[in-house]
Amino acid sequence: MTGRPPPGPPRAPGTARFPAALKPAGTAPASAPTTAALVRPQRPLQQAADDAARRRAPSGLGLDSAAVRERMVQRLRAGGLRCEPVLQAFARVERHRFVDSALAGQAYEDTSLPIGLAQTISKPSVVARMLSLLFEASGAAQRGHLGRVLEIGTGCGYQTALLAQLARSVVSIERLRPLHDKARANLATLDATPGALSADLRLLHGDGRLGHAPRAPYDAIVAAAGGEELPAAWLDQLAVGGRLVAPMVDAARGGQGLLVVDRMAEGPAGLARRWLDAVHFVPLKSGTE
Ligand code: SAH
């Protein structure tokens with residue numbers, strides 16, 4: 001698939017690239033079903049920001065080189081990925097900045113890596129597969145970008161950074177406060193990189209099973225954690241022409257599979273579902289911590 005990079009508003013050098021994400025909690029609509037929008041930096045967040053800043057200077061591993069990411073992109077191509085905007089996003093976003101420095105040397109291998117609190121950053125080939133599936137939805141194919149995206153499971157923010165290259169706006173929800181803070185710090189350091197983030201990005205701490213109604217409907221919904229059933233809110237918040245991609249337990253398969261749901265029209269009859277690859281994602285849990 002080919003396509004143009006998402007059109008984004010021109011920005012003066014040095015201006016914030018995701019002002020919405022940095023707004024204080026009071027700017028979120030009071031009716032938001034998720035717990036809250038962002039809070040102002042507090043001590044743990046400052047520590048996360050310091051850690052993230054330290055990762056900006058990897059020692060002699062050559063991870064800042066575009067060639068490292070280009071090799072990862074070549075491997076994704078060799079694996080059959082053909083969606084050019086997605087490949088370009090992988091070439092741009094520095095994955096090593098999202099993992100602990102001890103793991104940075106493995107950041108461009110096709111492997112999942114721990115990000116703390118028993119969670120993992122998914123392996124590049126799986127993330128690429130999910131993003132390219134979103135791109136193949138009828139609406140995205142026509143537009144050349146993903147439009148309005150809802151992401152469930154921000155984790156360390158790596159996939160969020162990729163989505164920010166591919167969409168007009170991204171709402172990303174994480175239920176674990178320390179990871180929400182870590183992602184926010186990681187994405188804030190990326191803000192200093194020219195052209196690194198182009199979408200309106202909003203990070204929320206909350207239960208993603210509820211989606212985020214104030215900004216619905218979404219052209220693309222993507223989950224990084226898998227449950228037993230698809231939360232009804234996700235289907236309610238999916239726009240006509242939009243696509244949802246989520247890991248989910250597939251009873252027929254006896255394990256997790258990648259579920260793709262397209263909305264062709266309003267109402268339950270307007271949905272088409274299909275199961276694709278077997279996958280292994282962390283569980284979709286309820287509530288927040
Ligand atoms: N794409 C992420 C992967 C994170 S792993 C990255 O690039 O790092 C999946 C994440 O989903 C975990 O951080 C987990 O805490 C989160 N999660 C699980 N259930 C959730 C829920 N109901 N709402 C929001 N986040 C959830």
# chains A, B, ... in the order shown; residues from 1 in each chain; ligands from 1
>>> select_by_dssp(residues="stretch 25-261 of chain A", states="alpha helix (DSSP H)", output="number ranges by chain")
A: 43-54, 66-78, 84-92, 124-135, 138-143, 158-166, 177-190, 232-236
>>> residues_near_ligand(ligand="ligand 1", cutoff="7 Å", atoms="only C-alpha atoms and all ligand atoms", output="PyMOL selection string")
chain A and resi 119-122+152-160+173-176+179+206-209+224-225+282-287
>>> write_last_selection(atoms="N, CA, C and O atoms", output="short mmCIF file (atom, residue, chain, number, x, y, z; two decimals), in the first residue's frame")
data_model
loop_
_atom_site.label_atom_id
_atom_site.label_comp_id
_atom_site.auth_asym_id
_atom_site.auth_seq_id
_atom_site.Cartn_x
_atom_site.Cartn_y
_atom_site.Cartn_z
N GLN A 119 4.12 -5.85 32.16
CA GLN A 119 3.60 -5.53 30.82
C GLN A 119 4.75 -5.58 29.82
O GLN A 119 5.92 -5.53 30.20
N THR A 120 4.41 -5.67 28.53
CA THR A 120 5.45 -5.74 27.50
C THR A 120 5.13 -4.79 26.34
O THR A 120 3.96 -4.53 26.05
N ILE A 121 6.19 -4.32 25.72
CA ILE A 121 6.05 -3.60 24.44
C ILE A 121 5.98 -4.72 23.39
O ILE A 121 6.79 -5.65 23.40
N SER A 122 4.99 -4.67 22.51
CA SER A 122 4.79 -5.74 21.54
C SER A 122 5.91 -5.76 20.52
O SER A 122 6.58 -4.75 20.29
N ILE A 152 -6.09 1.53 23.05
CA ILE A 152 -6.28 1.03 24.42
C ILE A 152 -5.00 0.29 24.84
O ILE A 152 -4.60 -0.66 24.17
N GLY A 153 -4.38 0.75 25.93
CA GLY A 153 -3.14 0.15 26.40
C GLY A 153 -1.94 0.93 25.89
O GLY A 153 -1.19 0.47 25.03
N THR A 154 -1.74 2.14 26.44
CA THR A 154 -0.63 3.00 25.99
C THR A 154 0.72 2.34 26.26
O THR A 154 1.65 2.50 25.46
N GLY A 155 0.82 1.63 27.40
CA GLY A 155 2.09 1.02 27.78
C GLY A 155 3.18 2.07 27.85
O GLY A 155 3.00 3.12 28.49
N CYS A 156 4.29 1.84 27.18
CA CYS A 156 5.40 2.81 27.22
C CYS A 156 5.23 3.91 26.18
O CYS A 156 6.02 4.84 26.14
N GLY A 157 4.23 3.81 25.32
CA GLY A 157 3.95 4.89 24.37
C GLY A 157 4.55 4.70 22.99
O GLY A 157 4.41 5.57 22.13
N TYR A 158 5.20 3.56 22.75
CA TYR A 158 5.85 3.38 21.44
C TYR A 158 4.83 3.35 20.30
O TYR A 158 4.94 4.10 19.32
N GLN A 159 3.82 2.49 20.46
CA GLN A 159 2.81 2.42 19.39
C GLN A 159 2.07 3.75 19.26
O GLN A 159 1.68 4.15 18.16
N THR A 160 1.90 4.44 20.38
CA THR A 160 1.25 5.76 20.35
C THR A 160 2.06 6.71 19.46
O THR A 160 1.49 7.47 18.67
N ILE A 173 -5.38 5.33 26.02
CA ILE A 173 -5.78 5.11 27.42
C ILE A 173 -4.93 4.01 28.04
O ILE A 173 -4.74 2.95 27.44
N GLU A 174 -4.45 4.26 29.23
CA GLU A 174 -3.68 3.26 29.99
C GLU A 174 -4.26 3.17 31.40
O GLU A 174 -4.52 4.19 32.03
N ARG A 175 -4.44 1.93 31.91
CA ARG A 175 -5.06 1.76 33.23
C ARG A 175 -4.04 1.84 34.37
O ARG A 175 -4.43 2.05 35.51
N LEU A 176 -2.76 1.65 34.09
CA LEU A 176 -1.74 1.67 35.14
C LEU A 176 -1.07 3.05 35.18
O LEU A 176 -0.39 3.44 34.22
N LEU A 179 2.67 3.52 34.19
CA LEU A 179 2.95 3.41 32.75
C LEU A 179 2.40 4.63 32.00
O LEU A 179 3.04 5.13 31.06
N GLY A 206 -7.07 5.64 32.60
CA GLY A 206 -8.44 5.19 32.80
C GLY A 206 -8.60 3.76 32.33
O GLY A 206 -7.64 3.12 31.88
N ASP A 207 -9.83 3.27 32.44
CA ASP A 207 -10.15 1.91 31.98
C ASP A 207 -10.57 1.99 30.52
O ASP A 207 -11.65 2.46 30.19
N GLY A 208 -9.69 1.51 29.66
CA GLY A 208 -9.92 1.61 28.22
C GLY A 208 -11.09 0.78 27.72
O GLY A 208 -11.53 0.96 26.58
N ARG A 209 -11.61 -0.13 28.55
CA ARG A 209 -12.77 -0.91 28.10
C ARG A 209 -13.98 -0.02 27.88
O ARG A 209 -14.92 -0.38 27.19
N ALA A 224 -4.02 -3.07 22.70
CA ALA A 224 -2.74 -3.77 22.92
C ALA A 224 -2.86 -4.78 24.04
O ALA A 224 -1.85 -5.26 24.55
N ALA A 225 -4.10 -5.07 24.47
CA ALA A 225 -4.35 -6.06 25.51
C ALA A 225 -5.62 -6.81 25.12
O ALA A 225 -6.53 -6.22 24.54
N VAL A 282 -0.89 -9.27 26.49
CA VAL A 282 -1.19 -9.25 27.92
C VAL A 282 -2.71 -9.09 28.09
O VAL A 282 -3.40 -8.62 27.19
N PRO A 283 -3.25 -9.50 29.25
CA PRO A 283 -4.70 -9.44 29.43
C PRO A 283 -5.26 -8.02 29.53
O PRO A 283 -4.62 -7.13 30.08
N LEU A 284 -6.45 -7.87 28.98
CA LEU A 284 -7.23 -6.64 29.13
C LEU A 284 -7.89 -6.73 30.51
O LEU A 284 -8.67 -7.64 30.76
N LYS A 285 -7.56 -5.79 31.38
CA LYS A 285 -8.09 -5.84 32.75
C LYS A 285 -9.06 -4.70 32.98
O LYS A 285 -9.07 -3.73 32.23
N SER A 286 -9.84 -4.81 34.06
CA SER A 286 -10.80 -3.75 34.33
C SER A 286 -10.27 -2.83 35.44
O SER A 286 -9.40 -3.20 36.21
N GLY A 287 -10.84 -1.65 35.50
CA GLY A 287 -10.46 -0.68 36.53
C GLY A 287 -9.10 -0.08 36.28
O GLY A 287 -8.48 -0.30 35.24
#
>>> residues_around(residues="A:Ala128", least_positions_apart="4", cutoff="7 Å", atoms="only C-alpha atoms", output="ChimeraX atom specification")
/A:86,124,132
>>> write_last_selection(atoms="N, CA and C atoms", output="tab-separated table (two decimals), in the first residue's frame")
chain	number	residue	atom	x	y	z
A	86	VAL	N	3.13	3.04	7.15
A	86	VAL	CA	3.51	2.33	8.38
A	86	VAL	C	5.02	2.10	8.40
A	124	PRO	N	7.85	-5.59	17.01
A	124	PRO	CA	7.59	-4.71	15.87
A	124	PRO	C	6.72	-5.34	14.78
A	132	SER	N	-1.01	-1.79	9.86
A	132	SER	CA	-1.31	-1.87	8.42
A	132	SER	C	-2.74	-2.37	8.21
>>> atom_distance(atom1="atom CA of A:His180", atom2="atom CA of A:His205")
6.2 Å
>>> residues_around(residues="stretch 72-82 of chain A", least_positions_apart="5", cutoff="7 Å", atoms="only C-alpha atoms", output="list in words")
Met1, Leu87, Phe90, Ala91, Tyr108 and Ser125 of chain A
>>> write_last_selection(atoms="all heavy atoms", output="PDB file, in the first residue's frame")
ATOM      1  N   MET A   1       0.844  -1.186   0.000  1.00  0.00           N
ATOM      2  CA  MET A   1       0.000   0.000   0.000  1.00  0.00           C
ATOM      3  C   MET A   1       0.884   1.242   0.000  1.00  0.00           C
ATOM      4  O   MET A   1       1.922   1.289   0.632  1.00  0.00           O
ATOM      5  CB  MET A   1      -0.845  -0.016   1.269  1.00  0.00           C
ATOM      6  CG  MET A   1      -1.758   1.170   1.345  1.00  0.00           C
ATOM      7  SD  MET A   1      -2.349   1.398   3.014  1.00  0.00           S
ATOM      8  CE  MET A   1      -3.702   0.283   3.012  1.00  0.00           C
ATOM      9  N   LEU A  87       5.574   1.675   7.287  1.00  0.00           N
ATOM     10  CA  LEU A  87       7.026   1.444   7.213  1.00  0.00           C
ATOM     11  C   LEU A  87       7.785   2.745   7.487  1.00  0.00           C
ATOM     12  O   LEU A  87       8.799   2.753   8.196  1.00  0.00           O
ATOM     13  CB  LEU A  87       7.405   0.870   5.847  1.00  0.00           C
ATOM     14  CG  LEU A  87       6.913  -0.571   5.615  1.00  0.00           C
ATOM     15  CD1 LEU A  87       7.011  -0.951   4.138  1.00  0.00           C
ATOM     16  CD2 LEU A  87       7.705  -1.568   6.461  1.00  0.00           C
ATOM     17  N   PHE A  90       7.821   3.449  11.186  1.00  0.00           N
ATOM     18  CA  PHE A  90       8.817   2.600  11.870  1.00  0.00           C
ATOM     19  C   PHE A  90      10.231   3.122  11.644  1.00  0.00           C
ATOM     20  O   PHE A  90      11.092   2.998  12.507  1.00  0.00           O
ATOM     21  CB  PHE A  90       8.702   1.148  11.397  1.00  0.00           C
ATOM     22  CG  PHE A  90       7.725   0.353  12.211  1.00  0.00           C
ATOM     23  CD1 PHE A  90       6.380   0.369  11.903  1.00  0.00           C
ATOM     24  CD2 PHE A  90       8.143  -0.386  13.310  1.00  0.00           C
ATOM     25  CE1 PHE A  90       5.468  -0.339  12.672  1.00  0.00           C
ATOM     26  CE2 PHE A  90       7.244  -1.090  14.079  1.00  0.00           C
ATOM     27  CZ  PHE A  90       5.898  -1.074  13.759  1.00  0.00           C
ATOM     28  N   ALA A  91      10.454   3.691  10.463  1.00  0.00           N
ATOM     29  CA  ALA A  91      11.792   4.222  10.176  1.00  0.00           C
ATOM     30  C   ALA A  91      12.076   5.477  11.013  1.00  0.00           C
ATOM     31  O   ALA A  91      13.222   5.768  11.327  1.00  0.00           O
ATOM     32  CB  ALA A  91      11.906   4.538   8.692  1.00  0.00           C
ATOM     33  N   TYR A 108      15.767  -3.056  18.374  1.00  0.00           N
ATOM     34  CA  TYR A 108      15.438  -3.169  16.945  1.00  0.00           C
ATOM     35  C   TYR A 108      15.385  -4.615  16.463  1.00  0.00           C
ATOM     36  O   TYR A 108      15.349  -4.888  15.270  1.00  0.00           O
ATOM     37  CB  TYR A 108      16.380  -2.290  16.112  1.00  0.00           C
ATOM     38  CG  TYR A 108      16.170  -0.849  16.513  1.00  0.00           C
ATOM     39  CD1 TYR A 108      17.077  -0.173  17.317  1.00  0.00           C
ATOM     40  CD2 TYR A 108      14.993  -0.196  16.155  1.00  0.00           C
ATOM     41  CE1 TYR A 108      16.834   1.122  17.744  1.00  0.00           C
ATOM     42  CE2 TYR A 108      14.744   1.109  16.580  1.00  0.00           C
ATOM     43  CZ  TYR A 108      15.665   1.748  17.365  1.00  0.00           C
ATOM     44  OH  TYR A 108      15.404   3.029  17.790  1.00  0.00           O
ATOM     45  N   SER A 125       6.945  -6.627  14.468  1.00  0.00           N
ATOM     46  CA  SER A 125       6.173  -7.207  13.359  1.00  0.00           C
ATOM     47  C   SER A 125       4.675  -7.276  13.690  1.00  0.00           C
ATOM     48  O   SER A 125       3.835  -7.106  12.792  1.00  0.00           O
ATOM     49  CB  SER A 125       6.698  -8.605  13.010  1.00  0.00           C
ATOM     50  OG  SER A 125       6.656  -9.449  14.138  1.00  0.00           O
TER      51      SER A 125
END
>>> decode(residues="stretch 196-212 of chain A", atoms="all heavy atoms", output="short mmCIF file (atom, residue, chain, number, x, y, z; two decimals), in the first residue's frame")
data_model
loop_
_atom_site.label_atom_id
_atom_site.label_comp_id
_atom_site.auth_asym_id
_atom_site.auth_seq_id
_atom_site.Cartn_x
_atom_site.Cartn_y
_atom_site.Cartn_z
N ALA A 196 8.75 14.60 14.73
CA ALA A 196 8.54 13.31 15.39
C ALA A 196 7.07 13.02 15.64
O ALA A 196 6.63 11.89 15.51
CB ALA A 196 9.30 13.27 16.72
N LEU A 197 6.32 13.99 16.02
CA LEU A 197 4.90 13.78 16.31
C LEU A 197 4.09 14.78 15.51
O LEU A 197 4.42 15.95 15.47
CB LEU A 197 4.62 14.00 17.80
CG LEU A 197 5.31 13.03 18.77
CD1 LEU A 197 5.20 13.54 20.19
CD2 LEU A 197 4.69 11.66 18.65
N SER A 198 3.05 14.30 14.87
CA SER A 198 2.28 15.26 14.08
C SER A 198 0.81 15.29 14.43
O SER A 198 0.12 16.22 14.07
CB SER A 198 2.46 14.99 12.59
OG SER A 198 2.23 13.64 12.31
N ALA A 199 0.30 14.28 15.14
CA ALA A 199 -1.13 14.27 15.45
C ALA A 199 -1.41 15.00 16.76
O ALA A 199 -0.53 15.20 17.57
CB ALA A 199 -1.61 12.82 15.57
N ASP A 200 -2.67 15.35 16.93
CA ASP A 200 -3.15 15.85 18.22
C ASP A 200 -3.23 14.64 19.14
O ASP A 200 -3.98 13.71 18.89
CB ASP A 200 -4.53 16.49 18.00
CG ASP A 200 -5.23 16.80 19.31
OD1 ASP A 200 -4.56 16.85 20.35
OD2 ASP A 200 -6.45 16.99 19.28
N LEU A 201 -2.42 14.63 20.18
CA LEU A 201 -2.25 13.45 21.01
C LEU A 201 -2.78 13.70 22.41
O LEU A 201 -2.43 14.70 23.04
CB LEU A 201 -0.75 13.13 21.05
CG LEU A 201 -0.26 11.92 21.80
CD1 LEU A 201 -0.99 10.68 21.32
CD2 LEU A 201 1.23 11.77 21.56
N ARG A 202 -3.62 12.79 22.89
CA ARG A 202 -4.21 12.93 24.23
C ARG A 202 -4.03 11.63 24.98
O ARG A 202 -4.53 10.58 24.54
CB ARG A 202 -5.69 13.28 24.09
CG ARG A 202 -6.35 13.62 25.40
CD ARG A 202 -7.73 14.21 25.13
NE ARG A 202 -7.59 15.54 24.54
CZ ARG A 202 -7.97 16.67 25.15
NH1 ARG A 202 -8.49 16.62 26.34
NH2 ARG A 202 -7.81 17.83 24.56
N LEU A 203 -3.30 11.68 26.08
CA LEU A 203 -3.05 10.49 26.90
C LEU A 203 -3.98 10.52 28.11
O LEU A 203 -4.04 11.53 28.81
CB LEU A 203 -1.60 10.45 27.37
CG LEU A 203 -0.53 10.51 26.28
CD1 LEU A 203 0.85 10.44 26.91
CD2 LEU A 203 -0.70 9.40 25.27
N LEU A 204 -4.65 9.41 28.35
CA LEU A 204 -5.59 9.35 29.48
C LEU A 204 -5.24 8.19 30.40
O LEU A 204 -4.86 7.11 29.94
CB LEU A 204 -7.02 9.14 28.96
CG LEU A 204 -7.57 10.16 27.98
CD1 LEU A 204 -8.96 9.73 27.50
CD2 LEU A 204 -7.65 11.55 28.60
N HIS A 205 -5.41 8.42 31.70
CA HIS A 205 -5.31 7.33 32.68
C HIS A 205 -6.73 6.88 32.97
O HIS A 205 -7.55 7.66 33.48
CB HIS A 205 -4.63 7.83 33.96
CG HIS A 205 -4.63 6.80 35.04
ND1 HIS A 205 -5.09 7.04 36.31
CD2 HIS A 205 -4.25 5.50 35.03
CE1 HIS A 205 -4.98 5.95 37.05
NE2 HIS A 205 -4.48 5.00 36.29
N GLY A 206 -7.07 5.64 32.60
CA GLY A 206 -8.44 5.19 32.80
C GLY A 206 -8.60 3.76 32.33
O GLY A 206 -7.64 3.12 31.88
N ASP A 207 -9.83 3.27 32.44
CA ASP A 207 -10.15 1.91 31.98
C ASP A 207 -10.57 1.99 30.52
O ASP A 207 -11.65 2.46 30.19
CB ASP A 207 -11.28 1.33 32.84
CG ASP A 207 -11.60 -0.11 32.46
OD1 ASP A 207 -11.11 -0.58 31.41
OD2 ASP A 207 -12.34 -0.76 33.21
N GLY A 208 -9.69 1.51 29.66
CA GLY A 208 -9.92 1.61 28.22
C GLY A 208 -11.09 0.78 27.72
O GLY A 208 -11.53 0.96 26.58
N ARG A 209 -11.61 -0.13 28.55
CA ARG A 209 -12.77 -0.91 28.10
C ARG A 209 -13.98 -0.02 27.88
O ARG A 209 -14.92 -0.38 27.19
CB ARG A 209 -13.10 -2.01 29.12
CG ARG A 209 -12.01 -3.09 29.20
CD ARG A 209 -12.34 -4.10 30.26
NE ARG A 209 -12.85 -3.41 31.42
CZ ARG A 209 -13.89 -3.80 32.16
NH1 ARG A 209 -14.50 -4.91 31.89
NH2 ARG A 209 -14.29 -3.08 33.18
N LEU A 210 -13.94 1.17 28.49
CA LEU A 210 -15.04 2.12 28.32
C LEU A 210 -14.84 3.01 27.09
O LEU A 210 -15.72 3.80 26.75
CB LEU A 210 -15.18 3.00 29.56
CG LEU A 210 -15.32 2.27 30.89
CD1 LEU A 210 -15.30 3.23 32.06
CD2 LEU A 210 -16.61 1.45 30.89
N GLY A 211 -13.70 2.89 26.46
CA GLY A 211 -13.39 3.80 25.35
C GLY A 211 -13.30 5.22 25.87
O GLY A 211 -13.01 5.46 27.05
N HIS A 212 -13.58 6.19 25.00
CA HIS A 212 -13.58 7.59 25.42
C HIS A 212 -14.64 8.30 24.59
O HIS A 212 -14.37 8.84 23.51
CB HIS A 212 -12.19 8.20 25.19
CG HIS A 212 -12.06 9.60 25.70
ND1 HIS A 212 -12.21 9.94 27.03
CD2 HIS A 212 -11.82 10.77 25.06
CE1 HIS A 212 -12.05 11.24 27.18
NE2 HIS A 212 -11.82 11.77 25.99
#
